[in-house]
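Right, one structure below, let's go through it.
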Amino acid sequence: MKTEGTGKLLRIFVGESDRWGHQPLYTAVVEAARAAGLGGATVFKGIEGYGGHSIVHAARVFDLSSDLPILIEIVDIEEKIRAFLPRLDEMVKEGMVTLETVEIIAYRMGAPKAR
């Protein structure tokens, strides 16, 4: 089945070493997004980048950075994304969040699997 529509792309930029309680922040954000019923989330690990402090973090042979850039992307309808933002306000202490309007084309087969 194919569905199409307009939605929001939520991008969350954090560091690999950022934590929420006892787990990595990116894991906690994905779990919170799932609990909120958002359509899906993907985490990308960057090989190089810098943020607000202008410190370059890189995955190079001689650099043993343990704080590589992490990007979390979540796509859903605008209402659900905006409803999730207060939860991010609680969780993200340092980082950046962006929102973009996107056209969504989703391909799905059958009913969702039981969790």
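A note on labels: chains of the structure tokens are A, B, ... as shown, every chain counts residues from 1, and ligands are counted from 1 in their shown order.
Residues in contact with Gly95 in chain A at 12 Å, where only C-alpha atoms are counted and same-chain residues fewer than 4 positions away are skipped, are listed as Arg11, Ile12, Phe13, Val14, Gly15, Glu16, Ser17, Asp18, Leu25, Tyr26, Tyr50, Gly51, Gly52, His53, Pro69, Ile70, Leu71, Ile72, Leu88, Asp89 and Met91 of chain A.
Counting only C-alpha atoms, Ile105 in chain A has the following residues at most 7 Å away, ignoring those fewer than 6 positions along the same chain: Lys2, Thr3, Glu4 and Gly5 of chain A.
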request  = Based on DSSP run over this structure's backbone, return all residues of chain A in strand (DSSP E), as an NGL selection string.
outcome  = :A and (2-15 or 19-20 or 23-24 or 41-45 or 48-49 or 57-58 or 69-76 or 96-107)
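Between Ile104 in chain A and the residues A:Ile74, A:Val29, A:Ala35, A:Leu85, the shortest atom-to-atom distance, using only C-alpha atoms, involves A:Ile74.
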task = Name the residues of chain A that come out as helix (DSSP H, G or I) in a backbone DSSP run; write them as a ChimeraX atom specification.
result = /A:25-35,78-91
Can you write just those residues out, N, CA and C atoms, as a PDB file, in the first residue's frame?
ATOM      1  N   LEU A  25      21.550   9.257  24.847  1.00  0.00           N
ATOM      2  CA  LEU A  25      20.419  10.130  24.552  1.00  0.00           C
ATOM      3  C   LEU A  25      19.698   9.704  23.281  1.00  0.00           C
ATOM      4  N   TYR A  26      20.466   9.330  22.240  1.00  0.00           N
ATOM      5  CA  TYR A  26      19.820   8.952  20.987  1.00  0.00           C
ATOM      6  C   TYR A  26      18.905   7.737  21.159  1.00  0.00           C
ATOM      7  N   THR A  27      19.290   6.788  21.997  1.00  0.00           N
ATOM      8  CA  THR A  27      18.450   5.626  22.275  1.00  0.00           C
ATOM      9  C   THR A  27      17.180   6.056  23.003  1.00  0.00           C
ATOM     10  N   ALA A  28      17.329   6.932  23.981  1.00  0.00           N
ATOM     11  CA  ALA A  28      16.180   7.415  24.747  1.00  0.00           C
ATOM     12  C   ALA A  28      15.208   8.189  23.855  1.00  0.00           C
ATOM     13  N   VAL A  29      15.726   8.990  22.919  1.00  0.00           N
ATOM     14  CA  VAL A  29      14.861   9.757  22.014  1.00  0.00           C
ATOM     15  C   VAL A  29      14.086   8.809  21.108  1.00  0.00           C
ATOM     16  N   VAL A  30      14.752   7.798  20.559  1.00  0.00           N
ATOM     17  CA  VAL A  30      14.065   6.831  19.701  1.00  0.00           C
ATOM     18  C   VAL A  30      12.968   6.107  20.491  1.00  0.00           C
ATOM     19  N   GLU A  31      13.277   5.697  21.706  1.00  0.00           N
ATOM     20  CA  GLU A  31      12.275   5.021  22.535  1.00  0.00           C
ATOM     21  C   GLU A  31      11.109   5.942  22.856  1.00  0.00           C
ATOM     22  N   ALA A  32      11.393   7.211  23.133  1.00  0.00           N
ATOM     23  CA  ALA A  32      10.325   8.176  23.423  1.00  0.00           C
ATOM     24  C   ALA A  32       9.469   8.429  22.181  1.00  0.00           C
ATOM     25  N   ALA A  33      10.103   8.496  21.010  1.00  0.00           N
ATOM     26  CA  ALA A  33       9.358   8.692  19.758  1.00  0.00           C
ATOM     27  C   ALA A  33       8.440   7.506  19.495  1.00  0.00           C
ATOM     28  N   ARG A  34       8.943   6.319  19.736  1.00  0.00           N
ATOM     29  CA  ARG A  34       8.114   5.117  19.547  1.00  0.00           C
ATOM     30  C   ARG A  34       6.947   5.112  20.522  1.00  0.00           C
ATOM     31  N   ALA A  35       7.215   5.450  21.781  1.00  0.00           N
ATOM     32  CA  ALA A  35       6.155   5.493  22.790  1.00  0.00           C
ATOM     33  C   ALA A  35       5.104   6.542  22.448  1.00  0.00           C
ATOM     34  N   GLU A  78       2.605  16.875  10.933  1.00  0.00           N
ATOM     35  CA  GLU A  78       3.036  18.025  11.738  1.00  0.00           C
ATOM     36  C   GLU A  78       2.487  18.006  13.156  1.00  0.00           C
ATOM     37  N   GLU A  79       1.235  17.660  13.330  1.00  0.00           N
ATOM     38  CA  GLU A  79       0.622  17.688  14.660  1.00  0.00           C
ATOM     39  C   GLU A  79       1.347  16.751  15.630  1.00  0.00           C
ATOM     40  N   LYS A  80       1.694  15.556  15.161  1.00  0.00           N
ATOM     41  CA  LYS A  80       2.372  14.589  16.030  1.00  0.00           C
ATOM     42  C   LYS A  80       3.803  15.025  16.339  1.00  0.00           C
ATOM     43  N   ILE A  81       4.487  15.594  15.355  1.00  0.00           N
ATOM     44  CA  ILE A  81       5.856  16.082  15.578  1.00  0.00           C
ATOM     45  C   ILE A  81       5.837  17.232  16.586  1.00  0.00           C
ATOM     46  N   ARG A  82       4.944  18.182  16.402  1.00  0.00           N
ATOM     47  CA  ARG A  82       4.874  19.336  17.327  1.00  0.00           C
ATOM     48  C   ARG A  82       4.500  18.896  18.736  1.00  0.00           C
ATOM     49  N   ALA A  83       3.655  17.889  18.855  1.00  0.00           N
ATOM     50  CA  ALA A  83       3.280  17.374  20.173  1.00  0.00           C
ATOM     51  C   ALA A  83       4.465  16.712  20.877  1.00  0.00           C
ATOM     52  N   PHE A  84       5.445  16.241  20.104  1.00  0.00           N
ATOM     53  CA  PHE A  84       6.632  15.579  20.655  1.00  0.00           C
ATOM     54  C   PHE A  84       7.698  16.575  21.111  1.00  0.00           C
ATOM     55  N   LEU A  85       7.660  17.798  20.620  1.00  0.00           N
ATOM     56  CA  LEU A  85       8.704  18.782  20.933  1.00  0.00           C
ATOM     57  C   LEU A  85       8.880  19.054  22.432  1.00  0.00           C
ATOM     58  N   PRO A  86       7.809  19.154  23.235  1.00  0.00           N
ATOM     59  CA  PRO A  86       8.028  19.359  24.679  1.00  0.00           C
ATOM     60  C   PRO A  86       8.824  18.218  25.326  1.00  0.00           C
ATOM     61  N   ARG A  87       8.651  17.013  24.832  1.00  0.00           N
ATOM     62  CA  ARG A  87       9.427  15.881  25.354  1.00  0.00           C
ATOM     63  C   ARG A  87      10.915  16.074  25.047  1.00  0.00           C
ATOM     64  N   LEU A  88      11.209  16.555  23.837  1.00  0.00           N
ATOM     65  CA  LEU A  88      12.606  16.841  23.482  1.00  0.00           C
ATOM     66  C   LEU A  88      13.181  17.951  24.357  1.00  0.00           C
ATOM     67  N   ASP A  89      12.361  18.944  24.672  1.00  0.00           N
ATOM     68  CA  ASP A  89      12.814  20.034  25.543  1.00  0.00           C
ATOM     69  C   ASP A  89      13.331  19.488  26.871  1.00  0.00           C
ATOM     70  N   GLU A  90      12.693  18.436  27.379  1.00  0.00           N
ATOM     71  CA  GLU A  90      13.128  17.810  28.631  1.00  0.00           C
ATOM     72  C   GLU A  90      14.436  17.046  28.459  1.00  0.00           C
ATOM     73  N   MET A  91      14.614  16.423  27.305  1.00  0.00           N
ATOM     74  CA  MET A  91      15.700  15.468  27.113  1.00  0.00           C
ATOM     75  C   MET A  91      16.996  16.072  26.575  1.00  0.00           C
TER      76      MET A  91
END
request  = Show which residues sit within 9 Å of Met1 in chain A, as a PyMOL selection string. Count only C-alpha atoms, and ignore same-chain residues fewer than 2 positions away.
outcome  = chain A and resi 3+106-110
